[in-house]
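Novice: My structure is below; once you've seen it, I'll send some questions.
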Amino acid sequence: MKTFLTALVMGLCGALAVFISFSMGWTTWVMFLAWVSYYLFGKSIKIYTPSFLQIILGIVMGVLIQSLASLLSPVLGVLGFPLIVFVLIGSLAYISKIKELNNIPAWFLGLIIFFGVHPELQIIPVLRLLVPTVAGVVFALINDAGLKYINKKF
């Protein structure tokens, strides 16, 4: 019975997430990436929050990479993009020394989201990445709460 209820909660959360994502025109894989990151980085909103911040900072780093590369490319040609990637990704070795910013996989998830979606370098398209990212975390919280309830009651 417990397995059936677990399957029911997981299936319903996943189906609802996909339905809402498709209805709203969100990038579904971004939502599921954020969802799984909740489970990978803590399974508690308090523990997960610093990782979520670093995912967002990874998105910001993607914006910086793209923006700075477009400035350097006229001068350095095809070397502009790799040079900026080298500098900014290399900076993670130093940034990760800060306790609250030491989750390098979370930074890379943000980079994956940014470069996977490839939004226009304007405020609104970049901010729109936050919607499926936050929604994924919300669905993870709902799913986790349902599973905790089942584990407690059965």
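Residue numbering restarts at 1 for every chain of the structure tokens, chains are lettered A, B, ... in their displayed order, and ligands are numbered from 1 as they appear.
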What's around Pro119 of chain A at 9 Å? Count only C-alpha atoms, leave out sequence neighbours fewer than 6 positions away in its own chain, and write the answer as a list in words.
Specialist: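 In the requested form, the answer reads Pro125, Val126, Arg128 and Leu129 of chain A.
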Novice: Could the residues in this selection be saved with C-alpha atoms as a JSON list (two decimals), in the first residue's frame?
Specialist:
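Written output follows (selection_37.json):
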```json
[["chain", "number", "residue", "atom", "x", "y", "z"],
["A", 125, "PRO", "CA", 14.02, 36.52, -21.21],
["A", 126, "VAL", "CA", 16.70, 35.86, -18.58],
["A", 128, "ARG", "CA", 11.84, 34.07, -17.33],
["A", 129, "LEU", "CA", 14.33, 31.30, -16.59]]
```
Novice: At a cut-off of 9 Å, can you tabulate as a tab-separated table every residue of segment 114-152 of chain A near segment 10-31 of chain A together with its closest atom pair and the distance in Å to one decimal, using only C-alpha atoms and ordering rows by chain then number?
Specialist:
```
residue	atom	partner	partner_atom	distance
A:Gly116	CA	A:Val30	CA	8.8
A:Val117	CA	A:Thr27	CA	7.8
A:Arg128	CA	A:Trp26	CA	8.6
A:Leu129	CA	A:Val30	CA	8.0
A:Val131	CA	A:Trp26	CA	7.7
A:Pro132	CA	A:Met31	CA	4.6
A:Thr133	CA	A:Met31	CA	5.1
A:Val134	CA	A:Met31	CA	7.5
A:Ala135	CA	A:Met31	CA	6.2
A:Gly136	CA	A:Met31	CA	4.2
A:Val137	CA	A:Met31	CA	7.6
A:Phe139	CA	A:Cys13	CA	6.7
A:Ala140	CA	A:Cys13	CA	8.4
A:Ile142	CA	A:Cys13	CA	7.5
A:Asn143	CA	A:Cys13	CA	6.1
A:Asp144	CA	A:Met10	CA	8.9
A:Gly146	CA	A:Met10	CA	8.4
A:Leu147	CA	A:Met10	CA	8.1
```
Novice: Using only C-alpha atoms, which residues of segment 10-60 of chain A come within 12 Å of segment 104-112 of chain A, and what is the closest atom pair for each, with the distance in Å to one decimal? Give it as a tab-separated table, sorted by chain and residue number.
Specialist:
```
residue	atom	partner	partner_atom	distance
A:Trp29	CA	A:Ile112	CA	10.9
A:Val30	CA	A:Ile112	CA	9.1
A:Met31	CA	A:Leu109	CA	11.7
A:Phe32	CA	A:Leu109	CA	11.6
A:Leu33	CA	A:Leu109	CA	7.9
A:Ala34	CA	A:Leu109	CA	8.4
A:Trp35	CA	A:Leu109	CA	11.7
A:Val36	CA	A:Leu109	CA	10.7
A:Ser37	CA	A:Ala106	CA	7.9
A:Tyr38	CA	A:Ala106	CA	10.4
A:Leu40	CA	A:Ala106	CA	9.7
A:Phe41	CA	A:Ala106	CA	8.4
A:Gly42	CA	A:Ala106	CA	11.9
A:Tyr48	CA	A:Ala106	CA	10.3
A:Thr49	CA	A:Ala106	CA	11.0
A:Pro50	CA	A:Ala106	CA	9.3
A:Ser51	CA	A:Ala106	CA	5.8
A:Phe52	CA	A:Ala106	CA	7.2
A:Leu53	CA	A:Ala106	CA	8.5
A:Gln54	CA	A:Trp107	CA	5.2
A:Ile55	CA	A:Gly110	CA	4.2
A:Ile56	CA	A:Gly110	CA	5.8
A:Leu57	CA	A:Trp107	CA	6.5
A:Gly58	CA	A:Gly110	CA	4.0
A:Ile59	CA	A:Gly110	CA	4.4
A:Val60	CA	A:Gly110	CA	7.9
```
Novice: Could you take the residues named above and write them with N, CA, C and O atoms, as an mmCIF file, in the first residue's frame?
Specialist:
```cif
data_model
loop_
_atom_site.group_PDB
_atom_site.id
_atom_site.type_symbol
_atom_site.label_atom_id
_atom_site.label_comp_id
_atom_site.auth_asym_id
_atom_site.auth_seq_id
_atom_site.Cartn_x
_atom_site.Cartn_y
_atom_site.Cartn_z
ATOM 1 N N TRP A 29 12.207 20.808 -19.015
ATOM 2 C CA TRP A 29 13.412 20.172 -18.494
ATOM 3 C C TRP A 29 14.092 21.049 -17.448
ATOM 4 O O TRP A 29 14.730 20.543 -16.528
ATOM 5 N N VAL A 30 13.955 22.379 -17.557
ATOM 6 C CA VAL A 30 14.520 23.280 -16.544
ATOM 7 C C VAL A 30 13.800 23.046 -15.222
ATOM 8 O O VAL A 30 14.436 22.971 -14.156
ATOM 9 N N MET A 31 12.483 22.906 -15.280
ATOM 10 C CA MET A 31 11.705 22.656 -14.072
ATOM 11 C C MET A 31 12.139 21.344 -13.414
ATOM 12 O O MET A 31 12.359 21.294 -12.198
ATOM 13 N N PHE A 32 12.298 20.295 -14.197
ATOM 14 C CA PHE A 32 12.699 19.012 -13.617
ATOM 15 C C PHE A 32 14.148 19.035 -13.128
ATOM 16 O O PHE A 32 14.489 18.355 -12.160
ATOM 17 N N LEU A 33 14.992 19.814 -13.761
ATOM 18 C CA LEU A 33 16.367 19.957 -13.287
ATOM 19 C C LEU A 33 16.381 20.615 -11.898
ATOM 20 O O LEU A 33 17.111 20.177 -10.998
ATOM 21 N N ALA A 34 15.567 21.646 -11.726
ATOM 22 C CA ALA A 34 15.462 22.294 -10.417
ATOM 23 C C ALA A 34 14.851 21.337 -9.396
ATOM 24 O O ALA A 34 15.274 21.295 -8.235
ATOM 25 N N TRP A 35 13.880 20.561 -9.828
ATOM 26 C CA TRP A 35 13.217 19.587 -8.955
ATOM 27 C C TRP A 35 14.240 18.592 -8.424
ATOM 28 O O TRP A 35 14.338 18.363 -7.224
ATOM 29 N N VAL A 36 15.006 18.008 -9.304
ATOM 30 C CA VAL A 36 15.982 17.005 -8.880
ATOM 31 C C VAL A 36 17.097 17.636 -8.048
ATOM 32 O O VAL A 36 17.644 16.998 -7.144
ATOM 33 N N SER A 37 17.420 18.908 -8.310
ATOM 34 C CA SER A 37 18.466 19.561 -7.525
ATOM 35 C C SER A 37 18.058 19.682 -6.061
ATOM 36 O O SER A 37 18.912 19.625 -5.173
ATOM 37 N N TYR A 38 16.767 19.838 -5.801
ATOM 38 C CA TYR A 38 16.279 19.881 -4.419
ATOM 39 C C TYR A 38 16.634 18.580 -3.694
ATOM 40 O O TYR A 38 17.071 18.591 -2.542
ATOM 41 N N LEU A 40 19.016 16.419 -4.647
ATOM 42 C CA LEU A 40 20.467 16.233 -4.631
ATOM 43 C C LEU A 40 21.158 17.096 -3.576
ATOM 44 O O LEU A 40 22.164 16.684 -3.000
ATOM 45 N N PHE A 41 20.614 18.277 -3.327
ATOM 46 C CA PHE A 41 21.300 19.241 -2.474
ATOM 47 C C PHE A 41 20.598 19.507 -1.150
ATOM 48 O O PHE A 41 20.663 20.613 -0.639
ATOM 49 N N GLY A 42 19.927 18.507 -0.579
ATOM 50 C CA GLY A 42 19.487 18.715 0.787
ATOM 51 C C GLY A 42 18.148 18.179 1.228
ATOM 52 O O GLY A 42 17.988 17.828 2.377
ATOM 53 N N TYR A 48 18.718 23.504 1.332
ATOM 54 C CA TYR A 48 18.747 23.675 -0.121
ATOM 55 C C TYR A 48 18.942 25.134 -0.554
ATOM 56 O O TYR A 48 19.514 25.395 -1.612
ATOM 57 N N THR A 49 18.494 26.085 0.240
ATOM 58 C CA THR A 49 18.505 27.495 -0.169
ATOM 59 C C THR A 49 19.867 27.980 -0.672
ATOM 60 O O THR A 49 19.925 28.625 -1.725
ATOM 61 N N PRO A 50 20.985 27.698 0.011
ATOM 62 C CA PRO A 50 22.271 28.151 -0.540
ATOM 63 C C PRO A 50 22.579 27.534 -1.914
ATOM 64 O O PRO A 50 23.141 28.209 -2.774
ATOM 65 N N SER A 51 22.193 26.283 -2.121
ATOM 66 C CA SER A 51 22.410 25.659 -3.430
ATOM 67 C C SER A 51 21.547 26.315 -4.496
ATOM 68 O O SER A 51 22.003 26.533 -5.622
ATOM 69 N N PHE A 52 20.304 26.640 -4.140
ATOM 70 C CA PHE A 52 19.424 27.320 -5.091
ATOM 71 C C PHE A 52 20.014 28.671 -5.479
ATOM 72 O O PHE A 52 20.010 29.043 -6.654
ATOM 73 N N LEU A 53 20.537 29.391 -4.498
ATOM 74 C CA LEU A 53 21.187 30.670 -4.780
ATOM 75 C C LEU A 53 22.338 30.475 -5.768
ATOM 76 O O LEU A 53 22.515 31.265 -6.700
ATOM 77 N N GLN A 54 23.101 29.411 -5.606
ATOM 78 C CA GLN A 54 24.234 29.169 -6.497
ATOM 79 C C GLN A 54 23.776 28.756 -7.896
ATOM 80 O O GLN A 54 24.458 29.059 -8.881
ATOM 81 N N ILE A 55 22.631 28.088 -7.996
ATOM 82 C CA ILE A 55 22.064 27.809 -9.321
ATOM 83 C C ILE A 55 21.735 29.127 -10.009
ATOM 84 O O ILE A 55 22.060 29.329 -11.189
ATOM 85 N N ILE A 56 21.119 30.038 -9.274
ATOM 86 C CA ILE A 56 20.790 31.358 -9.820
ATOM 87 C C ILE A 56 22.070 32.101 -10.200
ATOM 88 O O ILE A 56 22.159 32.725 -11.264
ATOM 89 N N LEU A 57 23.085 32.018 -9.346
ATOM 90 C CA LEU A 57 24.361 32.663 -9.658
ATOM 91 C C LEU A 57 25.016 32.021 -10.881
ATOM 92 O O LEU A 57 25.695 32.713 -11.651
ATOM 93 N N GLY A 58 24.805 30.731 -11.079
ATOM 94 C CA GLY A 58 25.296 30.077 -12.297
ATOM 95 C C GLY A 58 24.622 30.636 -13.536
ATOM 96 O O GLY A 58 25.267 30.831 -14.576
ATOM 97 N N ILE A 59 23.325 30.922 -13.430
ATOM 98 C CA ILE A 59 22.612 31.565 -14.541
ATOM 99 C C ILE A 59 23.207 32.952 -14.797
ATOM 100 O O ILE A 59 23.467 33.326 -15.951
ATOM 101 N N VAL A 60 23.458 33.690 -13.727
ATOM 102 C CA VAL A 60 24.067 35.026 -13.849
ATOM 103 C C VAL A 60 25.464 34.907 -14.479
ATOM 104 O O VAL A 60 25.832 35.710 -15.350
#
```
Novice: Using DSSP on the backbone, list every residue of segment 88-127 of chain A that comes out as alpha helix (DSSP H), and give them as a ChimeraX atom specification.
Specialist: /A:88-95,104-117,123-127
Novice: Atom CA of Lys43 of chain A and atom CA of Lys148 of chain A are how many Å apart?
Specialist: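 Interatomic distance here is 10.9 Å.
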Novice: Can you measure atom CA of Phe4 of chain A to atom CA of Tyr149 of chain A for me? One decimal in Å is fine.
Specialist: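 About the pair atom CA of Phe4 of chain A and atom CA of Tyr149 of chain A: they are 13.7 Å apart.
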Novice: When you count only C-alpha atoms, which of these residues is closest to Ser67 of chain A: A:Ala7, A:Leu101, A:Leu83, A:Leu121?
Specialist: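 Counting only C-alpha atoms, the residue closest to Ser67 of chain A is A:Leu121.
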Novice: Atom CA of Gln66 of chain A and atom CA of Lys99 of chain A are how many Å apart?
Specialist: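 Going from atom CA of Gln66 of chain A over to atom CA of Lys99 of chain A, I get 26.8 Å.
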